file upload_3.csv (CSV, C-alpha atoms and all ligand atoms)
chain,number,residue,atom,x,y,z
A,1,MET,CA,124.3,42.9,-30.2
A,2,ASP,CA,124.3,46.5,-31.3
A,3,LEU,CA,122.8,48.6,-28.4
A,4,THR,CA,124.2,51.9,-29.6
A,5,THR,CA,122.1,55.1,-29.6
A,6,LYS,CA,122.6,58.8,-30.1
A,7,TYR,CA,121.8,61.3,-27.4
A,8,LEU,CA,122.4,65.1,-27.5
A,9,GLY,CA,124.5,64.4,-30.6
A,10,LEU,CA,126.8,62.0,-28.6
A,11,SER,CA,127.3,58.5,-29.8
A,12,LEU,CA,126.6,56.1,-26.9
A,13,ARG,CA,127.3,52.4,-26.4
A,14,SER,CA,123.8,51.8,-25.1
A,15,PRO,CA,120.7,53.7,-23.7
A,16,LEU,CA,121.8,53.1,-20.1
A,17,VAL,CA,122.7,56.3,-18.4
A,18,PRO,CA,122.8,56.9,-14.6
A,19,SER,CA,120.8,60.1,-13.9
A,20,ALA,CA,121.7,62.9,-11.5
A,21,SER,CA,122.1,61.5,-8.0
A,22,PRO,CA,124.5,61.6,-5.1
A,23,LEU,CA,126.2,58.5,-6.6
A,24,SER,CA,128.1,60.7,-9.0
A,25,GLU,CA,129.6,62.7,-6.1
A,26,LYS,CA,132.5,60.2,-6.0
A,27,THR,CA,134.8,59.6,-8.9
A,28,ASP,CA,135.2,56.0,-7.8
A,29,ASN,CA,131.4,55.5,-8.4
A,30,ILE,CA,131.7,57.1,-11.8
A,31,ARG,CA,134.5,54.6,-12.7
A,32,ALA,CA,132.3,51.8,-11.4
A,33,MET,CA,129.4,53.0,-13.5
A,34,GLU,CA,131.6,53.0,-16.6
A,35,GLN,CA,132.8,49.4,-15.7
A,36,ALA,CA,129.2,48.3,-15.3
A,37,GLY,CA,128.3,49.6,-18.8
A,38,ALA,CA,127.0,53.1,-18.2
A,39,ALA,CA,127.0,54.8,-21.6
A,40,ALA,CA,127.3,58.3,-20.0
A,41,VAL,CA,126.9,59.8,-16.6
A,42,VAL,CA,124.8,62.8,-15.5
A,43,PHE,CA,126.5,64.5,-12.6
A,44,HIS,CA,124.4,65.5,-9.5
A,45,SER,CA,123.2,69.0,-9.8
A,46,LEU,CA,125.1,72.1,-8.7
A,47,PHE,CA,122.4,74.1,-6.8
A,48,GLU,CA,122.7,77.9,-6.7
A,49,GLU,CA,121.1,78.0,-3.2
A,50,GLN,CA,123.8,75.7,-1.9
A,51,ILE,CA,126.5,78.1,-3.2
A,52,GLU,CA,124.8,81.1,-1.8
A,53,THR,CA,123.6,79.7,1.6
A,54,SER,CA,125.0,81.1,4.9
A,55,ALA,CA,124.3,77.7,6.6
A,56,PRO,CA,127.7,76.0,6.6
A,57,GLU,CA,126.3,72.4,6.7
A,58,PHE,CA,124.5,73.0,3.3
A,59,ARG,CA,127.2,75.1,1.6
A,60,VAL,CA,128.7,73.7,-1.6
A,61,ASP,CA,131.9,75.2,-3.1
A,62,PRO,CA,131.3,75.5,-6.8
A,63,ASN,CA,135.0,75.0,-7.5
A,64,THR,CA,134.8,71.6,-5.9
A,65,TYR,CA,131.9,70.7,-8.3
A,66,LEU,CA,133.9,72.0,-11.3
A,67,GLN,CA,137.1,70.1,-10.2
A,68,ASN,CA,135.1,66.9,-9.8
A,69,ILE,CA,133.8,67.2,-13.4
A,70,ALA,CA,137.4,67.7,-14.6
A,71,GLN,CA,138.5,64.8,-12.5
A,72,ALA,CA,135.7,62.5,-13.8
A,73,LYS,CA,136.7,63.5,-17.4
A,74,ARG,CA,140.2,62.3,-16.7
A,75,ALA,CA,139.1,59.1,-15.0
A,76,VAL,CA,136.6,57.7,-17.6
A,77,GLY,CA,136.1,57.6,-21.3
A,78,ILE,CA,132.3,58.0,-21.3
A,79,PRO,CA,130.6,61.4,-21.7
A,80,ILE,CA,130.1,63.4,-18.5
A,81,ILE,CA,126.9,65.5,-18.5
A,82,GLY,CA,127.0,68.3,-15.9
A,83,SER,CA,123.7,69.3,-14.2
A,84,LEU,CA,122.7,72.7,-13.0
A,85,ASN,CA,119.9,74.1,-10.9
A,86,CYS,CA,119.9,77.9,-10.4
A,87,THR,CA,117.5,80.5,-9.1
A,88,THR,CA,118.8,83.6,-10.9
A,89,LEU,CA,119.5,84.2,-14.6
A,90,GLY,CA,123.0,85.4,-13.7
A,91,GLY,CA,123.6,82.1,-11.9
A,92,TRP,CA,122.4,80.0,-14.8
A,93,ILE,CA,124.6,81.8,-17.3
A,94,SER,CA,127.8,82.0,-15.2
A,95,TYR,CA,127.7,78.4,-14.0
A,96,ALA,CA,126.7,77.1,-17.4
A,97,ARG,CA,129.9,78.7,-18.7
A,98,ARG,CA,132.0,77.4,-15.9
A,99,ILE,CA,130.7,73.8,-16.3
A,100,THR,CA,131.5,74.1,-20.0
A,101,GLU,CA,135.1,75.3,-19.2
A,102,ALA,CA,135.5,72.4,-16.7
A,103,GLY,CA,135.2,70.0,-19.7
A,104,ALA,CA,131.6,68.6,-19.4
A,105,ASP,CA,130.5,67.0,-22.7
A,106,ALA,CA,126.9,68.3,-22.2
A,107,LEU,CA,124.8,70.1,-19.7
A,108,GLU,CA,121.4,69.2,-18.2
A,109,LEU,CA,119.4,72.1,-16.9
A,110,ASN,CA,117.4,70.9,-13.9
A,111,ILE,CA,114.8,73.7,-14.0
A,112,TYR,CA,112.7,73.3,-10.9
A,113,ARG,CA,110.1,76.0,-10.2
A,114,ILE,CA,107.2,75.6,-7.9
A,115,PRO,CA,105.0,78.6,-8.6
A,116,THR,CA,103.0,78.9,-5.3
A,117,ARG,CA,101.8,82.4,-5.7
A,118,PRO,CA,98.3,82.4,-7.2
A,119,GLU,CA,98.8,85.6,-9.1
A,120,VAL,CA,101.6,84.0,-11.2
A,121,THR,CA,100.0,82.7,-14.4
A,122,GLY,CA,100.9,79.6,-16.3
A,123,SER,CA,102.1,81.7,-19.2
A,124,THR,CA,104.4,83.8,-17.0
A,125,THR,CA,105.9,80.6,-15.7
A,126,GLU,CA,106.3,79.2,-19.2
A,127,SER,CA,108.0,82.4,-20.4
A,128,ILE,CA,110.5,82.2,-17.5
A,129,TYR,CA,111.5,78.7,-18.7
A,130,ILE,CA,111.8,79.9,-22.3
A,131,GLU,CA,113.8,83.0,-21.5
A,132,THR,CA,116.1,81.1,-19.1
A,133,VAL,CA,116.8,78.4,-21.7
A,134,ARG,CA,117.2,81.0,-24.5
A,135,SER,CA,119.9,82.8,-22.4
A,136,ILE,CA,121.8,79.6,-21.5
A,137,ARG,CA,121.6,78.4,-25.1
A,138,ALA,CA,123.4,81.7,-26.1
A,139,ALA,CA,126.0,81.3,-23.3
A,140,THR,CA,127.4,77.8,-24.1
A,141,LYS,CA,128.1,75.8,-27.2
A,142,ILE,CA,128.0,72.3,-25.5
A,143,PRO,CA,124.8,70.2,-26.0
A,144,LEU,CA,122.0,71.2,-23.7
A,145,ALA,CA,119.3,69.0,-22.2
A,146,VAL,CA,116.3,70.4,-20.2
A,147,LYS,CA,114.9,68.3,-17.4
A,148,LEU,CA,111.3,69.1,-17.0
A,149,SER,CA,108.3,68.4,-14.8
A,150,PRO,CA,105.1,67.3,-16.4
A,151,TYR,CA,103.1,70.0,-14.8
A,152,PHE,CA,102.3,72.3,-17.7
A,153,SER,CA,98.8,72.9,-19.1
A,154,SER,CA,100.0,71.9,-22.6
A,155,PHE,CA,103.2,69.8,-22.1
A,156,ALA,CA,103.5,69.1,-25.9
A,157,ASN,CA,103.5,72.8,-26.6
A,158,MET,CA,106.1,73.5,-24.0
A,159,ALA,CA,108.3,70.7,-25.5
A,160,ILE,CA,108.0,72.2,-29.0
A,161,SER,CA,108.8,75.7,-27.7
A,162,LEU,CA,112.0,74.4,-26.1
A,163,ASP,CA,112.8,72.4,-29.2
A,164,ASP,CA,112.5,75.7,-31.2
A,165,LEU,CA,115.3,77.2,-29.0
A,166,ASN,CA,117.7,74.5,-30.3
A,167,VAL,CA,118.0,72.6,-27.1
A,168,ASP,CA,119.5,69.2,-27.8
A,169,GLY,CA,117.4,67.0,-25.5
A,170,LEU,CA,114.5,66.8,-23.1
A,171,VAL,CA,114.6,64.7,-20.0
A,172,LEU,CA,111.2,63.5,-18.9
A,173,PHE,CA,110.4,63.8,-16.0
A,174,ASN,CA,111.9,65.5,-12.9
A,175,ARG,CA,110.2,64.2,-9.7
A,176,PHE,CA,109.1,67.2,-7.7
A,177,TYR,CA,109.3,67.7,-4.0
A,178,GLN,CA,106.1,66.5,-2.2
A,179,PRO,CA,106.3,67.0,1.5
A,180,ASP,CA,104.4,64.9,4.1
A,181,ILE,CA,102.8,65.8,7.4
A,182,ASP,CA,104.2,64.2,10.6
A,183,LEU,CA,101.0,63.7,12.6
A,184,GLU,CA,102.7,63.3,16.0
A,185,LYS,CA,105.1,66.3,15.7
A,186,LEU,CA,102.6,68.4,13.6
A,187,GLU,CA,105.4,69.3,11.2
A,188,VAL,CA,105.5,69.4,7.4
A,189,THR,CA,108.4,67.1,6.6
A,190,PRO,CA,110.5,66.6,3.5
A,191,ASN,CA,109.6,63.1,2.3
A,192,PHE,CA,112.1,62.0,-0.2
A,193,THR,CA,111.3,58.5,-1.5
A,194,LEU,CA,112.8,56.4,-4.2
A,195,SER,CA,110.5,55.8,-7.2
A,196,THR,CA,108.5,52.7,-8.0
A,197,PRO,CA,108.3,50.9,-11.3
A,198,ALA,CA,104.8,52.4,-11.9
A,199,ASP,CA,106.5,55.8,-12.2
A,200,MET,CA,107.8,55.0,-15.7
A,201,ARG,CA,104.3,55.2,-17.2
A,202,LEU,CA,104.3,59.0,-17.3
A,203,PRO,CA,107.5,59.4,-19.3
A,204,LEU,CA,106.3,56.4,-21.4
A,205,HIS,CA,103.1,58.2,-22.3
A,206,TRP,CA,104.8,61.6,-23.2
A,207,ILE,CA,107.8,60.2,-25.0
A,208,GLY,CA,105.3,58.1,-27.1
A,209,ILE,CA,103.4,61.2,-27.9
A,210,LEU,CA,106.4,63.4,-28.7
A,211,TYR,CA,108.5,60.9,-30.7
A,212,GLY,CA,108.9,62.1,-34.3
A,213,LYS,CA,107.6,65.6,-33.5
A,214,LEU,CA,110.9,67.1,-32.1
A,215,ARG,CA,114.5,67.6,-33.3
A,216,ALA,CA,115.7,67.2,-29.7
A,217,SER,CA,116.6,63.8,-28.3
A,218,LEU,CA,114.4,62.3,-25.6
A,219,ALA,CA,115.6,60.9,-22.3
A,220,ALA,CA,113.3,58.9,-20.0
A,221,THR,CA,113.8,59.1,-16.2
A,222,SER,CA,111.5,57.7,-13.4
A,223,GLY,CA,110.8,54.2,-12.4
A,224,ILE,CA,113.2,52.4,-14.7
A,225,TYR,CA,114.3,49.2,-12.9
A,226,GLN,CA,114.7,46.4,-15.5
A,227,ALA,CA,115.4,45.6,-19.1
A,228,GLN,CA,111.8,45.5,-20.1
A,229,ASP,CA,111.3,49.1,-18.8
A,230,VAL,CA,114.1,50.1,-21.1
A,231,ILE,CA,112.7,48.2,-24.1
A,232,LYS,CA,109.2,49.8,-23.6
A,233,LEU,CA,110.7,53.3,-23.3
A,234,VAL,CA,112.9,52.9,-26.4
A,235,MET,CA,109.9,51.5,-28.3
A,236,ALA,CA,107.9,54.6,-27.2
A,237,GLY,CA,110.8,56.7,-28.7
A,238,ALA,CA,113.4,57.3,-25.9
A,239,ASP,CA,117.0,57.8,-27.0
A,240,VAL,CA,118.3,57.0,-23.5
A,241,THR,CA,116.8,55.6,-20.4
A,242,MET,CA,118.2,57.1,-17.1
A,243,LEU,CA,118.5,55.3,-13.8
A,244,CYS,CA,118.7,56.6,-10.3
A,245,SER,CA,116.5,54.8,-7.8
A,246,ALA,CA,117.3,51.4,-9.2
A,247,LEU,CA,121.0,52.0,-8.8
A,248,MET,CA,120.5,53.4,-5.3
A,249,ARG,CA,118.5,50.3,-4.3
A,250,HIS,CA,120.4,47.6,-6.1
A,251,GLY,CA,123.8,49.1,-6.5
A,252,ILE,CA,125.8,50.3,-9.6
A,253,THR,CA,126.4,46.7,-10.9
A,254,HIS,CA,122.6,46.5,-11.6
A,255,LEU,CA,123.5,48.3,-14.8
A,256,GLN,CA,125.4,45.2,-16.0
A,257,ARG,CA,122.4,43.0,-15.2
A,258,ILE,CA,120.0,45.2,-17.2
A,259,GLU,CA,122.4,45.2,-20.2
A,260,MET,CA,122.6,41.4,-20.2
A,261,GLU,CA,118.8,41.2,-20.0
A,262,LEU,CA,118.5,43.7,-22.8
A,263,ILE,CA,120.7,41.6,-25.1
A,264,ALA,CA,118.8,38.5,-24.1
A,265,TRP,CA,115.5,40.1,-24.9
A,266,LEU,CA,116.5,41.4,-28.2
A,267,GLU,CA,118.0,38.1,-29.3
A,268,GLN,CA,114.9,36.2,-28.2
A,269,HIS,CA,112.8,38.5,-30.3
A,270,GLN,CA,115.1,38.3,-33.3
A,271,ARG,CA,116.1,41.9,-33.2
A,272,LYS,CA,119.6,42.9,-34.4
A,273,SER,CA,119.9,46.3,-32.7
A,274,MET,CA,118.4,48.7,-30.3
A,275,ALA,CA,117.9,51.2,-33.2
A,276,GLU,CA,115.6,48.7,-34.8
A,277,ILE,CA,113.0,49.0,-32.1
A,278,LYS,CA,113.3,52.8,-31.5
A,279,GLY,CA,109.9,54.4,-31.7
A,280,ILE,CA,108.0,51.4,-33.1
A,281,MET,CA,105.4,51.8,-30.4
A,282,SER,CA,105.3,55.6,-30.4
A,283,GLN,CA,101.9,57.2,-31.2
A,284,GLN,CA,103.2,57.9,-34.7
A,285,ASN,CA,104.0,54.2,-35.4
A,286,CYS,CA,101.9,52.0,-33.1
A,287,PRO,CA,99.0,50.1,-34.5
A,288,ASP,CA,96.4,52.2,-32.6
A,289,PRO,CA,97.5,55.8,-32.1
A,290,SER,CA,94.3,56.5,-30.1
A,291,ALA,CA,95.9,54.3,-27.4
A,292,PHE,CA,97.8,57.5,-26.3
A,293,GLU,CA,94.6,59.6,-26.2
A,294,ARG,CA,91.7,60.3,-23.9
A,295,ALA,CA,89.3,57.9,-25.6
A,296,GLN,CA,91.3,55.0,-24.2
A,297,TYR,CA,91.0,56.4,-20.7
A,298,VAL,CA,87.3,55.9,-20.8
A,299,ARG,CA,87.7,52.4,-22.3
A,300,GLY,CA,90.3,51.6,-19.6
A,301,LEU,CA,87.9,52.8,-16.8
A,302,SER,CA,85.2,50.4,-18.0
A,303,GLY,CA,87.7,47.5,-18.1
A,304,TYR,CA,88.7,48.3,-14.6
A,305,THR,CA,85.2,48.2,-13.2
A,306,SER,CA,84.6,44.8,-14.8
A,307,LEU,CA,87.8,43.5,-13.3
A,308,PHE,CA,86.9,44.7,-9.8
A,309,PRO,CA,83.1,44.7,-9.6
A,310,MET,CA,82.0,46.9,-6.7
A,311,ARG,CA,79.7,45.3,-4.1
A,312,ARG,CA,76.4,47.1,-4.0
A,401,LIG,C1,118.6,60.9,-3.7
A,401,LIG,C2,118.3,61.6,-5.0
A,401,LIG,C3,119.0,62.7,-5.4
A,401,LIG,C4,118.7,63.3,-6.6
A,401,LIG,N1,119.4,64.4,-7.0
A,401,LIG,C5,119.2,65.0,-8.2
A,401,LIG,C6,119.9,66.1,-8.7
A,401,LIG,O1,120.8,66.6,-8.0
A,401,LIG,N2,119.5,66.6,-9.9
A,401,LIG,C7,118.5,66.1,-10.6
A,401,LIG,O2,118.3,66.7,-11.7
A,401,LIG,N3,117.8,65.1,-10.3
A,401,LIG,C8,118.1,64.5,-9.1
A,401,LIG,N4,117.4,63.4,-8.7
A,401,LIG,C9,116.3,62.8,-9.6
A,401,LIG,C10,116.9,61.6,-10.4
A,401,LIG,O3,117.9,62.0,-11.2
A,401,LIG,C11,115.8,61.0,-11.2
A,401,LIG,O4,115.4,61.9,-12.3
A,401,LIG,C12,114.5,60.7,-10.4
A,401,LIG,O5,114.8,60.1,-9.2
A,401,LIG,C13,113.6,59.7,-11.2
A,401,LIG,O6,114.4,58.6,-11.6
A,401,LIG,P1,114.4,57.2,-10.8
A,401,LIG,O7,113.0,56.7,-10.8
A,401,LIG,O8,115.3,56.3,-11.6
A,401,LIG,O9,114.9,57.5,-9.4
A,401,LIG,C14,117.7,62.8,-7.5
A,401,LIG,C15,117.0,61.6,-7.0
A,401,LIG,C16,117.2,61.0,-5.8
A,401,LIG,C17,116.5,59.8,-5.4
call {"tool": "encode", "arguments": {"input": "upload_3.csv", "output": "structure tokens"}}
result
Amino acid sequence: MDLTTKYLGLSLRSPLVPSASPLSEKTDNIRAMEQAGAAAVVFHSLFEEQIETSAPEFRVDPNTYLQNIAQAKRAVGIPIIGSLNCTTLGGWISYARRITEAGADALELNIYRIPTRPEVTGSTTESIYIETVRSIRAATKIPLAVKLSPYFSSFANMAISLDDLNVDGLVLFNRFYQPDIDLEKLEVTPNFTLSTPADMRLPLHWIGILYGKLRASLAATSGIYQAQDVIKLVMAGADVTMLCSALMRHGITHLQRIEMELIAWLEQHQRKSMAEIKGIMSQQNCPDPSAFERAQYVRGLSGYTSLFPMRR
């Protein structure tokens, strides 16, 4: 079965790519990912705050990160995608260059801004994204992916604007920090949970809408647990499907299981390759393009109330 795909101009054996997570901190894990069938690996992010912090327990030596990339490159044959999360333009440019020099095959920009000040407008925030990406694009020649949040007024417009800057891929979507409140201690606490399968719907929706409208590749991340999730996202138009929570929950060998199930599904449905199903259920190609639009929301709502009639 031909599962091959192209992502960021790289030829990959399948769409299965472990996304940025602590699993990639160990070269042994990266070897295990390759053995389990990973087509490429995204490194955990290098965070500028962790380089600059004065708190020793959080401090990260950027040289260690760069050496780990070089070591991973020597250890495996699959592409290694670096990941960067900076807070200053100088940081973005200098570490993008250093990750390039360390031998990464591509770089994912984990741009993570939470604009909390009410005087900062949406267009100011968008222009910071654009100017940041424009500068990094000029600083490195390796393929660039931008990992985004869905929280833009017009996500499709943002995607097109980044595509116009010659980025090679968009990764949809980053999961943003959502703190909780500890009712006993009366503290706002970081609440970091793994995703659930329902989280794949948001990338499914937007990848379906964007497929065919961009030059850049599309990567799906969030809530991908099984082969059917991969099939749905590829049908919506994803070039790769990234996994993190599923591997943290079920272990790295879960990749192997998904690959076997992918092959079985494609064979059962008389498909010869992954490429054959790419984008067939995108908005552009599906039988009812309005299924991606607001009109279906209203129809969906009425279906919901007939399924669960409220007692009056
Ligand atoms: C423990 C943990 C650490 C993560 N670290 C990073 C990171 O360093 N950089 C990044 O871009 N995303 C990071 N992510 C986000 C994942 O790469 C992924 O995009 C997200 O969890 C959604 O995918 P999933 O549903 O498969 O987990 C992390 C997620 C988890 C759960």
call {"tool": "residues_near_ligand", "arguments": {"input": "upload_3.csv", "ligand": "ligand LIG 401 (chain A)", "cutoff": "10 Å", "atoms": "only C-alpha atoms and all ligand atoms", "output": "PDB file with C-alpha atoms, in the frame of the given file"}}
result
ATOM      1  CA  PRO A  18     122.800  56.900 -14.600  1.00  0.00           C
ATOM      2  CA  SER A  19     120.800  60.100 -13.900  1.00  0.00           C
ATOM      3  CA  ALA A  20     121.700  62.900 -11.500  1.00  0.00           C
ATOM      4  CA  SER A  21     122.100  61.500  -8.000  1.00  0.00           C
ATOM      5  CA  PRO A  22     124.500  61.600  -5.100  1.00  0.00           C
ATOM      6  CA  LEU A  23     126.200  58.500  -6.600  1.00  0.00           C
ATOM      7  CA  SER A  24     128.100  60.700  -9.000  1.00  0.00           C
ATOM      8  CA  GLU A  25     129.600  62.700  -6.100  1.00  0.00           C
ATOM      9  CA  VAL A  42     124.800  62.800 -15.500  1.00  0.00           C
ATOM     10  CA  PHE A  43     126.500  64.500 -12.600  1.00  0.00           C
ATOM     11  CA  HIS A  44     124.400  65.500  -9.500  1.00  0.00           C
ATOM     12  CA  SER A  45     123.200  69.000  -9.800  1.00  0.00           C
ATOM     13  CA  LEU A  46     125.100  72.100  -8.700  1.00  0.00           C
ATOM     14  CA  PHE A  47     122.400  74.100  -6.800  1.00  0.00           C
ATOM     15  CA  GLY A  82     127.000  68.300 -15.900  1.00  0.00           C
ATOM     16  CA  SER A  83     123.700  69.300 -14.200  1.00  0.00           C
ATOM     17  CA  LEU A  84     122.700  72.700 -13.000  1.00  0.00           C
ATOM     18  CA  ASN A  85     119.900  74.100 -10.900  1.00  0.00           C
ATOM     19  CA  GLU A 108     121.400  69.200 -18.200  1.00  0.00           C
ATOM     20  CA  LEU A 109     119.400  72.100 -16.900  1.00  0.00           C
ATOM     21  CA  ASN A 110     117.400  70.900 -13.900  1.00  0.00           C
ATOM     22  CA  ILE A 111     114.800  73.700 -14.000  1.00  0.00           C
ATOM     23  CA  TYR A 112     112.700  73.300 -10.900  1.00  0.00           C
ATOM     24  CA  VAL A 146     116.300  70.400 -20.200  1.00  0.00           C
ATOM     25  CA  LYS A 147     114.900  68.300 -17.400  1.00  0.00           C
ATOM     26  CA  LEU A 148     111.300  69.100 -17.000  1.00  0.00           C
ATOM     27  CA  SER A 149     108.300  68.400 -14.800  1.00  0.00           C
ATOM     28  CA  VAL A 171     114.600  64.700 -20.000  1.00  0.00           C
ATOM     29  CA  LEU A 172     111.200  63.500 -18.900  1.00  0.00           C
ATOM     30  CA  PHE A 173     110.400  63.800 -16.000  1.00  0.00           C
ATOM     31  CA  ASN A 174     111.900  65.500 -12.900  1.00  0.00           C
ATOM     32  CA  ARG A 175     110.200  64.200  -9.700  1.00  0.00           C
ATOM     33  CA  PHE A 176     109.100  67.200  -7.700  1.00  0.00           C
ATOM     34  CA  PHE A 192     112.100  62.000  -0.200  1.00  0.00           C
ATOM     35  CA  THR A 193     111.300  58.500  -1.500  1.00  0.00           C
ATOM     36  CA  LEU A 194     112.800  56.400  -4.200  1.00  0.00           C
ATOM     37  CA  SER A 195     110.500  55.800  -7.200  1.00  0.00           C
ATOM     38  CA  THR A 196     108.500  52.700  -8.000  1.00  0.00           C
ATOM     39  CA  PRO A 197     108.300  50.900 -11.300  1.00  0.00           C
ATOM     40  CA  ALA A 198     104.800  52.400 -11.900  1.00  0.00           C
ATOM     41  CA  ASP A 199     106.500  55.800 -12.200  1.00  0.00           C
ATOM     42  CA  MET A 200     107.800  55.000 -15.700  1.00  0.00           C
ATOM     43  CA  ALA A 220     113.300  58.900 -20.000  1.00  0.00           C
ATOM     44  CA  THR A 221     113.800  59.100 -16.200  1.00  0.00           C
ATOM     45  CA  SER A 222     111.500  57.700 -13.400  1.00  0.00           C
ATOM     46  CA  GLY A 223     110.800  54.200 -12.400  1.00  0.00           C
ATOM     47  CA  ILE A 224     113.200  52.400 -14.700  1.00  0.00           C
ATOM     48  CA  TYR A 225     114.300  49.200 -12.900  1.00  0.00           C
ATOM     49  CA  THR A 241     116.800  55.600 -20.400  1.00  0.00           C
ATOM     50  CA  MET A 242     118.200  57.100 -17.100  1.00  0.00           C
ATOM     51  CA  LEU A 243     118.500  55.300 -13.800  1.00  0.00           C
ATOM     52  CA  CYS A 244     118.700  56.600 -10.300  1.00  0.00           C
ATOM     53  CA  SER A 245     116.500  54.800  -7.800  1.00  0.00           C
ATOM     54  CA  ALA A 246     117.300  51.400  -9.200  1.00  0.00           C
ATOM     55  CA  LEU A 247     121.000  52.000  -8.800  1.00  0.00           C
ATOM     56  CA  MET A 248     120.500  53.400  -5.300  1.00  0.00           C
ATOM     57  CA  ARG A 249     118.500  50.300  -4.300  1.00  0.00           C
TER      58      ARG A 249
END
call {"tool": "residues_around", "arguments": {"input": "upload_3.csv", "residues": "segment 203-211 of chain A", "least_positions_apart": "4", "cutoff": "8 Å", "atoms": "only C-alpha atoms", "output": "PyMOL selection string"}}
result
chain A and resi 156+172-173+218+220-222+232-233+236-238+279+281-284+292
call {"tool": "closest_residue", "arguments": {"input": "upload_3.csv", "among": "A:Gln228, A:Ser217, A:Thr27, A:Asn157", "to": "Asn68 of chain A", "atoms": "only C-alpha atoms"}}
result
A:Thr27
call {"tool": "closest_residue", "arguments": {"input": "upload_3.csv", "among": "A:Lys272, A:Arg137, A:His254, A:Arg59", "to": "Thr100 of chain A", "atoms": "all atoms listed in the file"}}
result
A:Arg137
call {"tool": "atom_distance", "arguments": {"input": "upload_3.csv", "atom1": "atom CA of Leu144 of chain A", "atom2": "atom CA of Asn285 of chain A"}}
result
27.4 Å
call {"tool": "residues_near_point", "arguments": {"input": "upload_3.csv", "point": "(121.3, 54.4, -27.2)", "cutoff": "9 Å", "atoms": "only C-alpha atoms", "output": "PDB file with C-alpha atoms, keeping the file's coordinate frame"}}
result
ATOM      1  CA  LEU A   3     122.800  48.600 -28.400  1.00  0.00           C
ATOM      2  CA  THR A   4     124.200  51.900 -29.600  1.00  0.00           C
ATOM      3  CA  THR A   5     122.100  55.100 -29.600  1.00  0.00           C
ATOM      4  CA  LYS A   6     122.600  58.800 -30.100  1.00  0.00           C
ATOM      5  CA  TYR A   7     121.800  61.300 -27.400  1.00  0.00           C
ATOM      6  CA  SER A  11     127.300  58.500 -29.800  1.00  0.00           C
ATOM      7  CA  LEU A  12     126.600  56.100 -26.900  1.00  0.00           C
ATOM      8  CA  ARG A  13     127.300  52.400 -26.400  1.00  0.00           C
ATOM      9  CA  SER A  14     123.800  51.800 -25.100  1.00  0.00           C
ATOM     10  CA  PRO A  15     120.700  53.700 -23.700  1.00  0.00           C
ATOM     11  CA  LEU A  16     121.800  53.100 -20.100  1.00  0.00           C
ATOM     12  CA  ALA A  39     127.000  54.800 -21.600  1.00  0.00           C
ATOM     13  CA  VAL A 234     112.900  52.900 -26.400  1.00  0.00           C
ATOM     14  CA  ALA A 238     113.400  57.300 -25.900  1.00  0.00           C
ATOM     15  CA  ASP A 239     117.000  57.800 -27.000  1.00  0.00           C
ATOM     16  CA  VAL A 240     118.300  57.000 -23.500  1.00  0.00           C
ATOM     17  CA  THR A 241     116.800  55.600 -20.400  1.00  0.00           C
ATOM     18  CA  MET A 274     118.400  48.700 -30.300  1.00  0.00           C
ATOM     19  CA  ALA A 275     117.900  51.200 -33.200  1.00  0.00           C
TER      20      ALA A 275
END
call {"tool": "atom_distance", "arguments": {"input": "upload_3.csv", "atom1": "atom CA of Pro287 of chain A", "atom2": "atom CA of Gly9 of chain A"}}
result
29.5 Å
call {"tool": "atom_distance", "arguments": {"input": "upload_3.csv", "atom1": "atom CA of Gln296 of chain A", "atom2": "atom CA of His269 of chain A"}}
result
27.8 Å
call {"tool": "residues_around", "arguments": {"input": "upload_3.csv", "residues": "Thr253 of chain A", "least_positions_apart": "4", "cutoff": "9 Å", "atoms": "all atoms listed in the file", "output": "tab-separated table (two decimals) with C-alpha atoms, in the frame of the given file"}}
result
chain	number	residue	atom	x	y	z
A	32	ALA	CA	132.30	51.80	-11.40
A	33	MET	CA	129.40	53.00	-13.50
A	35	GLN	CA	132.80	49.40	-15.70
A	36	ALA	CA	129.20	48.30	-15.30
A	37	GLY	CA	128.30	49.60	-18.80
A	247	LEU	CA	121.00	52.00	-8.80
A	257	ARG	CA	122.40	43.00	-15.20
call {"tool": "closest_residue", "arguments": {"input": "upload_3.csv", "among": "A:Leu165, A:Met235, A:Ile252, A:Ala40", "to": "Leu214 of chain A", "atoms": "all atoms listed in the file"}}
result
A:Leu165
call {"tool": "decode", "arguments": {"input": "upload_3.csv", "residues": "segment 144-148 of chain A", "atoms": "N, CA, C and O atoms", "output": "compact mmCIF listing (two decimals), in the first residue's frame"}}
result
# COMPACT_ATOMS: atom_id res chain seq x y z
N LEU A 144 9.74 26.13 6.16
CA LEU A 144 9.16 26.69 7.39
C LEU A 144 7.69 26.31 7.49
O LEU A 144 6.94 26.44 6.52
N ALA A 145 7.30 25.86 8.69
CA ALA A 145 5.88 25.65 8.97
C ALA A 145 5.49 26.61 10.09
O ALA A 145 6.32 26.92 10.95
N VAL A 146 4.26 27.06 10.08
CA VAL A 146 3.78 27.93 11.17
C VAL A 146 2.65 27.20 11.88
O VAL A 146 1.65 26.81 11.27
N LYS A 147 2.85 27.01 13.20
CA LYS A 147 1.81 26.36 14.01
C LYS A 147 0.97 27.46 14.63
O LYS A 147 1.48 28.33 15.34
N LEU A 148 -0.33 27.41 14.36
CA LEU A 148 -1.20 28.55 14.70
C LEU A 148 -2.29 28.15 15.68
O LEU A 148 -2.63 26.97 15.81
